$ cat start_0.cif   # mmCIF, C-alpha atoms
data_upload
#
loop_
_atom_site.group_PDB
_atom_site.id
_atom_site.type_symbol
_atom_site.label_atom_id
_atom_site.label_comp_id
_atom_site.auth_asym_id
_atom_site.auth_seq_id
_atom_site.Cartn_x
_atom_site.Cartn_y
_atom_site.Cartn_z
ATOM 1 C CA MET A 7 125.234 247.912 47.364
ATOM 2 C CA PRO A 8 127.767 249.743 49.588
ATOM 3 C CA PRO A 9 127.167 253.471 50.075
ATOM 4 C CA ARG A 10 129.338 255.797 48.008
ATOM 5 C CA GLY A 11 130.689 259.312 48.336
ATOM 6 C CA GLU A 12 129.107 261.508 51.007
ATOM 7 C CA ASP A 13 126.935 258.704 52.439
ATOM 8 C CA ALA A 14 129.968 256.440 52.834
ATOM 9 C CA ASP A 15 131.796 259.177 54.754
ATOM 10 C CA ARG A 16 129.151 259.028 57.494
ATOM 11 C CA THR A 17 129.246 255.265 57.969
ATOM 12 C CA PRO A 18 130.569 254.687 61.515
ATOM 13 C CA VAL A 19 133.243 252.188 62.504
ATOM 14 C CA VAL A 20 132.411 250.008 65.522
ATOM 15 C CA LEU A 21 135.340 248.635 67.534
ATOM 16 C CA LEU A 22 135.353 245.209 69.217
ATOM 17 C CA HIS A 23 138.011 244.824 71.934
ATOM 18 C CA ASP A 24 140.146 241.782 72.746
ATOM 19 C CA SER A 25 139.868 239.165 75.515
ATOM 20 C CA LEU A 26 141.401 241.381 78.200
ATOM 21 C CA GLY A 27 140.333 244.652 76.606
ATOM 22 C CA SER A 28 137.959 247.502 77.296
ATOM 23 C CA VAL A 29 137.167 250.949 75.967
ATOM 24 C CA SER A 30 139.893 252.454 78.158
ATOM 25 C CA LEU A 31 142.523 250.057 76.784
ATOM 26 C CA TRP A 32 141.990 251.360 73.255
ATOM 27 C CA ARG A 33 143.535 254.545 74.653
ATOM 28 C CA ARG A 34 143.772 257.281 71.991
ATOM 29 C CA PHE A 35 143.268 254.943 69.031
ATOM 30 C CA PRO A 36 139.506 255.561 68.495
ATOM 31 C CA ALA A 37 139.949 259.343 68.474
ATOM 32 C CA ARG A 38 142.955 259.171 66.150
ATOM 33 C CA LEU A 39 141.139 256.815 63.792
ATOM 34 C CA ALA A 40 138.047 259.037 63.725
ATOM 35 C CA CYS A 41 140.217 262.054 62.934
ATOM 36 C CA ILE A 42 141.960 260.342 60.006
ATOM 37 C CA LEU A 43 138.862 258.635 58.578
ATOM 38 C CA LYS A 44 136.640 261.664 59.235
ATOM 39 C CA ARG A 45 133.781 259.458 60.326
ATOM 40 C CA PRO A 46 132.347 258.374 63.710
ATOM 41 C CA VAL A 47 134.168 255.631 65.621
ATOM 42 C CA VAL A 48 132.245 253.759 68.320
ATOM 43 C CA ALA A 49 133.832 251.651 71.070
ATOM 44 C CA TYR A 50 131.930 249.777 73.761
ATOM 45 C CA ASP A 51 132.693 247.494 76.703
ATOM 46 C CA ARG A 52 131.365 243.992 76.188
ATOM 47 C CA LEU A 53 129.329 242.507 79.030
ATOM 48 C CA GLY A 54 131.722 241.501 81.822
ATOM 49 C CA TYR A 55 134.479 243.904 80.747
ATOM 50 C CA GLY A 56 135.525 247.455 81.530
ATOM 51 C CA ARG A 57 132.698 249.528 82.990
ATOM 52 C CA SER A 58 129.944 247.118 81.918
ATOM 53 C CA ALA A 59 127.919 244.950 84.292
ATOM 54 C CA PRO A 60 129.387 241.625 85.489
ATOM 55 C CA TYR A 61 128.816 238.625 83.240
ATOM 56 C CA PRO A 62 126.179 236.293 84.759
ATOM 57 C CA GLY A 63 128.223 233.120 85.206
ATOM 58 C CA ALA A 64 130.911 231.461 83.118
ATOM 59 C CA GLN A 65 131.612 232.589 79.581
ATOM 60 C CA PRO A 66 130.026 230.052 77.187
ATOM 61 C CA PRO A 67 132.000 228.467 74.321
ATOM 62 C CA SER A 68 129.623 230.229 71.910
ATOM 63 C CA PHE A 69 130.644 233.691 73.144
ATOM 64 C CA ILE A 70 132.182 234.764 69.812
ATOM 65 C CA ASP A 71 129.040 234.149 67.775
ATOM 66 C CA ASP A 72 126.808 235.306 70.633
ATOM 67 C CA GLU A 73 128.207 238.852 70.581
ATOM 68 C CA ALA A 74 126.659 239.538 67.172
ATOM 69 C CA SER A 75 123.142 238.899 68.438
ATOM 70 C CA SER A 76 123.560 240.212 71.997
ATOM 71 C CA GLY A 77 125.947 243.028 72.925
ATOM 72 C CA PHE A 78 126.527 244.352 69.432
ATOM 73 C CA ALA A 79 122.841 244.074 68.511
ATOM 74 C CA ALA A 80 121.947 246.179 71.568
ATOM 75 C CA VAL A 81 124.546 248.823 70.684
ATOM 76 C CA ARG A 82 123.357 248.923 67.081
ATOM 77 C CA GLU A 83 119.725 249.355 68.087
ATOM 78 C CA HIS A 84 120.536 252.001 70.710
ATOM 79 C CA LEU A 85 122.581 254.079 68.262
ATOM 80 C CA GLY A 86 120.328 253.413 65.266
ATOM 81 C CA LEU A 87 123.141 252.155 63.047
ATOM 82 C CA ALA A 88 121.550 251.367 59.689
ATOM 83 C CA ARG A 89 125.013 250.862 58.186
ATOM 84 C CA PHE A 90 128.384 250.340 59.818
ATOM 85 C CA MET A 91 131.887 248.984 59.471
ATOM 86 C CA VAL A 92 133.390 246.720 62.128
ATOM 87 C CA LEU A 93 136.976 246.581 63.371
ATOM 88 C CA GLY A 94 137.985 243.979 65.919
ATOM 89 C CA HIS A 95 141.230 243.305 67.753
ATOM 90 C CA SER A 96 142.227 239.699 68.545
ATOM 91 C CA VAL A 97 139.075 237.815 69.589
ATOM 92 C CA GLY A 98 137.220 241.039 68.840
ATOM 93 C CA GLY A 99 138.228 240.439 65.226
ATOM 94 C CA CYS A 100 136.544 237.038 65.377
ATOM 95 C CA MET A 101 133.410 238.726 66.726
ATOM 96 C CA ALA A 102 133.613 241.368 64.000
ATOM 97 C CA ALA A 103 133.616 238.593 61.383
ATOM 98 C CA ALA A 104 130.544 237.020 63.011
ATOM 99 C CA ILE A 105 128.823 240.416 62.969
ATOM 100 C CA ALA A 106 129.669 241.000 59.302
ATOM 101 C CA ALA A 107 128.226 237.581 58.452
ATOM 102 C CA MET A 108 125.046 238.144 60.470
ATOM 103 C CA TYR A 109 124.346 241.597 58.994
ATOM 104 C CA PRO A 110 125.523 241.323 55.364
ATOM 105 C CA GLU A 111 123.355 244.172 54.074
ATOM 106 C CA ALA A 112 124.282 246.611 56.843
ATOM 107 C CA CYS A 113 127.993 245.858 57.278
ATOM 108 C CA GLN A 114 130.015 247.871 54.753
ATOM 109 C CA GLY A 115 133.494 246.734 55.758
ATOM 110 C CA LEU A 116 135.330 244.299 58.042
ATOM 111 C CA ILE A 117 138.792 244.895 59.508
ATOM 112 C CA THR A 118 140.415 242.263 61.686
ATOM 113 C CA VAL A 119 143.553 243.114 63.660
ATOM 114 C CA ALA A 120 145.595 240.254 65.161
ATOM 115 C CA ALA A 121 142.509 238.029 64.955
ATOM 116 C CA GLN A 122 142.421 234.244 65.238
ATOM 117 C CA ALA A 123 140.892 232.067 62.530
ATOM 118 C CA PHE A 124 141.594 228.774 64.312
ATOM 119 C CA THR A 125 143.196 227.443 67.466
ATOM 120 C CA GLU A 126 146.916 226.827 67.125
ATOM 121 C CA PRO A 127 149.712 225.977 69.602
ATOM 122 C CA ARG A 128 151.151 229.515 69.501
ATOM 123 C CA THR A 129 147.851 230.906 70.725
ATOM 124 C CA LEU A 130 147.601 228.503 73.644
ATOM 125 C CA VAL A 131 151.246 228.872 74.657
ATOM 126 C CA GLY A 132 150.966 232.659 74.535
ATOM 127 C CA ILE A 133 147.905 232.605 76.783
ATOM 128 C CA ARG A 134 149.614 230.358 79.341
ATOM 129 C CA THR A 135 152.659 232.635 79.313
ATOM 130 C CA ALA A 136 150.437 235.645 79.979
ATOM 131 C CA GLU A 137 148.620 233.755 82.748
ATOM 132 C CA ARG A 138 151.934 233.177 84.538
ATOM 133 C CA ALA A 139 152.823 236.832 84.108
ATOM 134 C CA PHE A 140 149.606 237.852 85.852
ATOM 135 C CA ALA A 141 150.677 235.789 88.870
ATOM 136 C CA VAL A 142 153.479 238.292 89.484
ATOM 137 C CA PRO A 143 152.540 240.669 92.340
ATOM 138 C CA GLY A 144 150.965 243.850 91.055
ATOM 139 C CA GLN A 145 149.938 242.570 87.632
ATOM 140 C CA MET A 146 146.322 241.783 88.498
ATOM 141 C CA GLU A 147 146.031 245.245 89.987
ATOM 142 C CA ARG A 148 146.914 246.648 86.565
ATOM 143 C CA LEU A 149 144.100 244.622 85.015
ATOM 144 C CA ALA A 150 141.732 245.784 87.753
ATOM 145 C CA ARG A 151 142.343 249.409 86.779
ATOM 146 C CA HIS A 152 140.299 248.721 83.667
ATOM 147 C CA HIS A 153 137.877 246.014 84.863
ATOM 148 C CA GLY A 154 137.475 246.680 88.575
ATOM 149 C CA ASP A 155 136.418 243.664 90.629
ATOM 150 C CA LYS A 156 135.679 241.795 87.393
ATOM 151 C CA ALA A 157 139.418 241.398 86.657
ATOM 152 C CA ASP A 158 139.670 237.814 87.935
ATOM 153 C CA TRP A 159 136.661 236.785 85.822
ATOM 154 C CA VAL A 160 138.173 238.479 82.749
ATOM 155 C CA LEU A 161 141.449 236.589 83.086
ATOM 156 C CA ARG A 162 139.823 233.217 83.770
ATOM 157 C CA ALA A 163 137.342 233.674 80.902
ATOM 158 C CA TRP A 164 140.273 234.152 78.522
ATOM 159 C CA VAL A 165 142.527 231.382 79.791
ATOM 160 C CA ASP A 166 139.898 228.745 80.520
ATOM 161 C CA THR A 167 137.836 229.248 77.359
ATOM 162 C CA TRP A 168 140.751 228.914 74.942
ATOM 163 C CA HIS A 169 142.078 225.850 76.779
ATOM 164 C CA SER A 170 138.664 224.178 76.967
ATOM 165 C CA GLU A 171 137.677 221.070 75.022
ATOM 166 C CA PRO A 172 135.165 222.954 72.785
ATOM 167 C CA PHE A 173 137.999 225.217 71.597
ATOM 168 C CA ARG A 174 140.397 222.396 70.830
ATOM 169 C CA HIS A 175 139.298 222.302 67.187
ATOM 170 C CA TRP A 176 137.620 225.719 66.988
ATOM 171 C CA ARG A 177 137.655 227.504 63.613
ATOM 172 C CA LEU A 178 136.155 230.756 62.335
ATOM 173 C CA ASP A 179 135.484 229.363 58.856
ATOM 174 C CA GLU A 180 131.669 229.432 59.023
ATOM 175 C CA ALA A 181 131.545 233.113 59.948
ATOM 176 C CA LEU A 182 134.239 234.027 57.425
ATOM 177 C CA GLY A 183 132.351 232.200 54.694
ATOM 178 C CA GLY A 184 129.304 234.372 55.358
ATOM 179 C CA VAL A 185 131.121 237.712 55.022
ATOM 180 C CA ARG A 186 130.041 239.678 51.947
ATOM 181 C CA CYS A 187 131.708 243.057 52.521
ATOM 182 C CA PRO A 188 135.278 244.172 51.714
ATOM 183 C CA THR A 189 137.652 242.753 54.313
ATOM 184 C CA LEU A 190 141.136 243.663 55.517
ATOM 185 C CA ALA A 191 143.121 241.261 57.721
ATOM 186 C CA VAL A 192 145.944 242.996 59.634
ATOM 187 C CA HIS A 193 148.606 241.119 61.579
ATOM 188 C CA GLY A 194 151.909 241.917 63.273
ATOM 189 C CA GLU A 195 154.843 239.864 62.008
ATOM 190 C CA ARG A 196 155.926 239.320 65.633
ATOM 191 C CA ASP A 197 152.481 238.456 66.984
ATOM 192 C CA GLU A 198 153.019 236.214 69.989
ATOM 193 C CA TYR A 199 149.489 234.770 69.872
ATOM 194 C CA GLY A 200 149.076 233.878 66.214
ATOM 195 C CA SER A 201 151.161 232.860 63.209
ATOM 196 C CA PRO A 202 150.811 234.508 59.762
ATOM 197 C CA GLN A 203 148.550 231.595 58.839
ATOM 198 C CA GLN A 204 145.796 233.265 60.861
ATOM 199 C CA PRO A 205 145.385 236.402 58.703
ATOM 200 C CA ARG A 206 146.032 234.395 55.551
ATOM 201 C CA ARG A 207 143.066 232.204 56.401
ATOM 202 C CA ILE A 208 140.872 235.246 57.006
ATOM 203 C CA ALA A 209 141.953 236.845 53.723
ATOM 204 C CA ALA A 210 141.421 233.622 51.795
ATOM 205 C CA LEU A 211 137.812 233.194 52.941
ATOM 206 C CA THR A 212 136.573 236.783 52.651
ATOM 207 C CA PRO A 213 136.175 239.411 49.902
ATOM 208 C CA GLY A 214 138.936 241.984 49.688
ATOM 209 C CA PRO A 215 142.726 242.014 49.355
ATOM 210 C CA ALA A 216 144.045 238.524 48.593
ATOM 211 C CA ASP A 217 146.931 239.055 50.996
ATOM 212 C CA PRO A 218 146.784 240.286 54.588
ATOM 213 C CA LEU A 219 148.466 243.481 55.701
ATOM 214 C CA MET A 220 151.529 242.331 57.645
ATOM 215 C CA LEU A 221 153.132 244.891 59.964
ATOM 216 C CA PRO A 222 156.925 244.469 60.401
ATOM 217 C CA ASP A 223 158.417 244.752 63.895
ATOM 218 C CA CYS A 224 154.965 244.620 65.466
ATOM 219 C CA GLY A 225 153.412 242.156 67.896
ATOM 220 C CA HIS A 226 149.874 241.410 69.005
ATOM 221 C CA VAL A 227 148.702 244.956 69.789
ATOM 222 C CA PRO A 228 149.255 247.154 66.719
ATOM 223 C CA HIS A 229 147.036 249.972 67.998
ATOM 224 C CA ARG A 230 149.586 250.510 70.777
ATOM 225 C CA GLU A 231 152.799 249.256 69.150
ATOM 226 C CA CYS A 232 152.524 250.874 65.710
ATOM 227 C CA PRO A 233 149.320 252.948 65.613
ATOM 228 C CA GLU A 234 150.397 255.193 62.741
ATOM 229 C CA ARG A 235 151.096 252.275 60.397
ATOM 230 C CA LEU A 236 147.894 250.558 61.444
ATOM 231 C CA ILE A 237 145.782 253.663 60.855
ATOM 232 C CA ASP A 238 147.470 254.305 57.498
ATOM 233 C CA GLY A 239 146.624 250.762 56.378
ATOM 234 C CA ILE A 240 143.024 251.079 57.566
ATOM 235 C CA ALA A 241 142.609 254.481 55.900
ATOM 236 C CA SER A 242 143.881 253.149 52.569
ATOM 237 C CA PHE A 243 141.514 250.190 52.781
ATOM 238 C CA VAL A 244 138.502 252.319 53.683
ATOM 239 C CA ALA A 245 139.257 254.793 50.894
ATOM 240 C CA ALA A 246 139.548 251.995 48.334
ATOM 241 C CA SER A 247 136.435 250.156 49.493
ATOM 242 C CA THR A 248 134.216 253.267 49.461
ATOM 243 C CA ALA A 249 135.597 254.897 46.292
ATOM 244 C CA CYS A 250 133.167 255.779 43.534
#

$ encode --input "start_0.cif" --output "structure tokens"
Amino acid sequence: MPPRGEDADRTPVVLLHDSLGSVSLWRRFPARLACILKRPVVAYDRLGYGRSAPYPGAQPPSFIDDEASSGFAAVREHLGLARFMVLGHSVGGCMAAAIAAMYPEACQGLITVAAQAFTEPRTLVGIRTAERAFAVPGQMERLARHHGDKADWVLRAWVDTWHSEPFRHWRLDEALGGVRCPTLAVHGERDEYGSPQQPRRIAALTPGPADPLMLPDCGHVPHRECPERLIDGIASFVAASTAC
């Protein structure tokens, strides 16, 4: 049974970043979210990203499910998180769903932001467009500010994985079907990497609001494009899901 009242207020929120993300790319969002929710917010760099160690080889097709039992499991053990909520952006939202499914008794809430539930043409076209943009002089240097000499690996892991044969018919359905906690799917109406069918699929297969939270005039990165509206939506969801 989810914690209520004072106990619920102490349940931390763990953030899972996107395919090119890192702790630094969350910018002020974790601090602002912690201030509004009045609870701890934890962000960490996945292996191969940000200030973490380099990933040992190519990213495997199972990397979404693997995070629940590898990087996240290590963070949870290190911090002693008996209970938690998870919030993931883009592919981090997919990982958050896998985590919620793997730890149904411990996970008290799932929030996906601009997450993918299946591979669709818009996703693949958007990734190729971004790949071409990174070929412009100076763009890889911007990525390297956050990932150092791992920047090339980060870009190739994103582009090559999503365009690989194993991801041709990839779906998040199995993980979503295992989620038992309240779930909020958030999506920008102008998301260049996923249609509204993505959050609708997440909402349809998980407990929680029947409809996703759609953010008008917002693209793929709500925590930078419309942080106030995103935080307001998250705060309302958390309040409702932990109310007595």

$ closest_residue --input "start_0.cif" --among "A:Arg206, A:Arg33, A:Arg38, A:His23" --to "Asp238 in chain A" --atoms "all atoms listed in the file"
A:Arg38

$ axis_aligned_box --input "start_0.cif" --around "range 144-153 of chain A" --padding-each-side "6 Å" --output "lines of an AutoDock Vina configuration file"
center_x = 144.4
center_y = 245.6
center_z = 87.4
size_x = 25.1
size_y = 19.6
size_z = 19.4

$ resolve_selection --input "start_0.cif" --expression "the PyMOL selection byres ((chain A and resi 100) around 12)" --output "PyMOL selection string"
chain A and resi 21-25+68-74+92-99+101-107+116-125+176-182+185+191+204-205+208

$ write_last_selection --input "start_0.cif" --atoms "C-alpha atoms" --output "PDB file, in the coordinates of the input"
ATOM      1  CA  LEU A  21     135.340 248.635  67.534  1.00  0.00           C
ATOM      2  CA  LEU A  22     135.353 245.209  69.217  1.00  0.00           C
ATOM      3  CA  HIS A  23     138.011 244.824  71.934  1.00  0.00           C
ATOM      4  CA  ASP A  24     140.146 241.782  72.746  1.00  0.00           C
ATOM      5  CA  SER A  25     139.868 239.165  75.515  1.00  0.00           C
ATOM      6  CA  SER A  68     129.623 230.229  71.910  1.00  0.00           C
ATOM      7  CA  PHE A  69     130.644 233.691  73.144  1.00  0.00           C
ATOM      8  CA  ILE A  70     132.182 234.764  69.812  1.00  0.00           C
ATOM      9  CA  ASP A  71     129.040 234.149  67.775  1.00  0.00           C
ATOM     10  CA  ASP A  72     126.808 235.306  70.633  1.00  0.00           C
ATOM     11  CA  GLU A  73     128.207 238.852  70.581  1.00  0.00           C
ATOM     12  CA  ALA A  74     126.659 239.538  67.172  1.00  0.00           C
ATOM     13  CA  VAL A  92     133.390 246.720  62.128  1.00  0.00           C
ATOM     14  CA  LEU A  93     136.976 246.581  63.371  1.00  0.00           C
ATOM     15  CA  GLY A  94     137.985 243.979  65.919  1.00  0.00           C
ATOM     16  CA  HIS A  95     141.230 243.305  67.753  1.00  0.00           C
ATOM     17  CA  SER A  96     142.227 239.699  68.545  1.00  0.00           C
ATOM     18  CA  VAL A  97     139.075 237.815  69.589  1.00  0.00           C
ATOM     19  CA  GLY A  98     137.220 241.039  68.840  1.00  0.00           C
ATOM     20  CA  GLY A  99     138.228 240.439  65.226  1.00  0.00           C
ATOM     21  CA  MET A 101     133.410 238.726  66.726  1.00  0.00           C
ATOM     22  CA  ALA A 102     133.613 241.368  64.000  1.00  0.00           C
ATOM     23  CA  ALA A 103     133.616 238.593  61.383  1.00  0.00           C
ATOM     24  CA  ALA A 104     130.544 237.020  63.011  1.00  0.00           C
ATOM     25  CA  ILE A 105     128.823 240.416  62.969  1.00  0.00           C
ATOM     26  CA  ALA A 106     129.669 241.000  59.302  1.00  0.00           C
ATOM     27  CA  ALA A 107     128.226 237.581  58.452  1.00  0.00           C
ATOM     28  CA  LEU A 116     135.330 244.299  58.042  1.00  0.00           C
ATOM     29  CA  ILE A 117     138.792 244.895  59.508  1.00  0.00           C
ATOM     30  CA  THR A 118     140.415 242.263  61.686  1.00  0.00           C
ATOM     31  CA  VAL A 119     143.553 243.114  63.660  1.00  0.00           C
ATOM     32  CA  ALA A 120     145.595 240.254  65.161  1.00  0.00           C
ATOM     33  CA  ALA A 121     142.509 238.029  64.955  1.00  0.00           C
ATOM     34  CA  GLN A 122     142.421 234.244  65.238  1.00  0.00           C
ATOM     35  CA  ALA A 123     140.892 232.067  62.530  1.00  0.00           C
ATOM     36  CA  PHE A 124     141.594 228.774  64.312  1.00  0.00           C
ATOM     37  CA  THR A 125     143.196 227.443  67.466  1.00  0.00           C
ATOM     38  CA  TRP A 176     137.620 225.719  66.988  1.00  0.00           C
ATOM     39  CA  ARG A 177     137.655 227.504  63.613  1.00  0.00           C
ATOM     40  CA  LEU A 178     136.155 230.756  62.335  1.00  0.00           C
ATOM     41  CA  ASP A 179     135.484 229.363  58.856  1.00  0.00           C
ATOM     42  CA  GLU A 180     131.669 229.432  59.023  1.00  0.00           C
ATOM     43  CA  ALA A 181     131.545 233.113  59.948  1.00  0.00           C
ATOM     44  CA  LEU A 182     134.239 234.027  57.425  1.00  0.00           C
ATOM     45  CA  VAL A 185     131.121 237.712  55.022  1.00  0.00           C
ATOM     46  CA  ALA A 191     143.121 241.261  57.721  1.00  0.00           C
ATOM     47  CA  GLN A 204     145.796 233.265  60.861  1.00  0.00           C
ATOM     48  CA  PRO A 205     145.385 236.402  58.703  1.00  0.00           C
ATOM     49  CA  ILE A 208     140.872 235.246  57.006  1.00  0.00           C
TER      50      ILE A 208
END

$ resolve_selection --input "start_0.cif" --expression "the PyMOL selection byres ((chain A and resi 156) around 12)" --output "list in words"
Leu26, Ser28, Leu53, Gly54, Tyr55, Gly56, Arg57, Ser58, Ala59, Pro60, Tyr61, Pro62, Gly63, Met146, Glu147, Leu149, Ala150, Arg151, His152, His153, Gly154, Asp155, Ala157, Asp158, Trp159, Val160, Leu161, Arg162 and Ala163 of chain A

$ atom_distance --input "start_0.cif" --atom1 "CA of Pro228 in chain A" --atom2 "CA of Glu198 in chain A"
12.0 Å
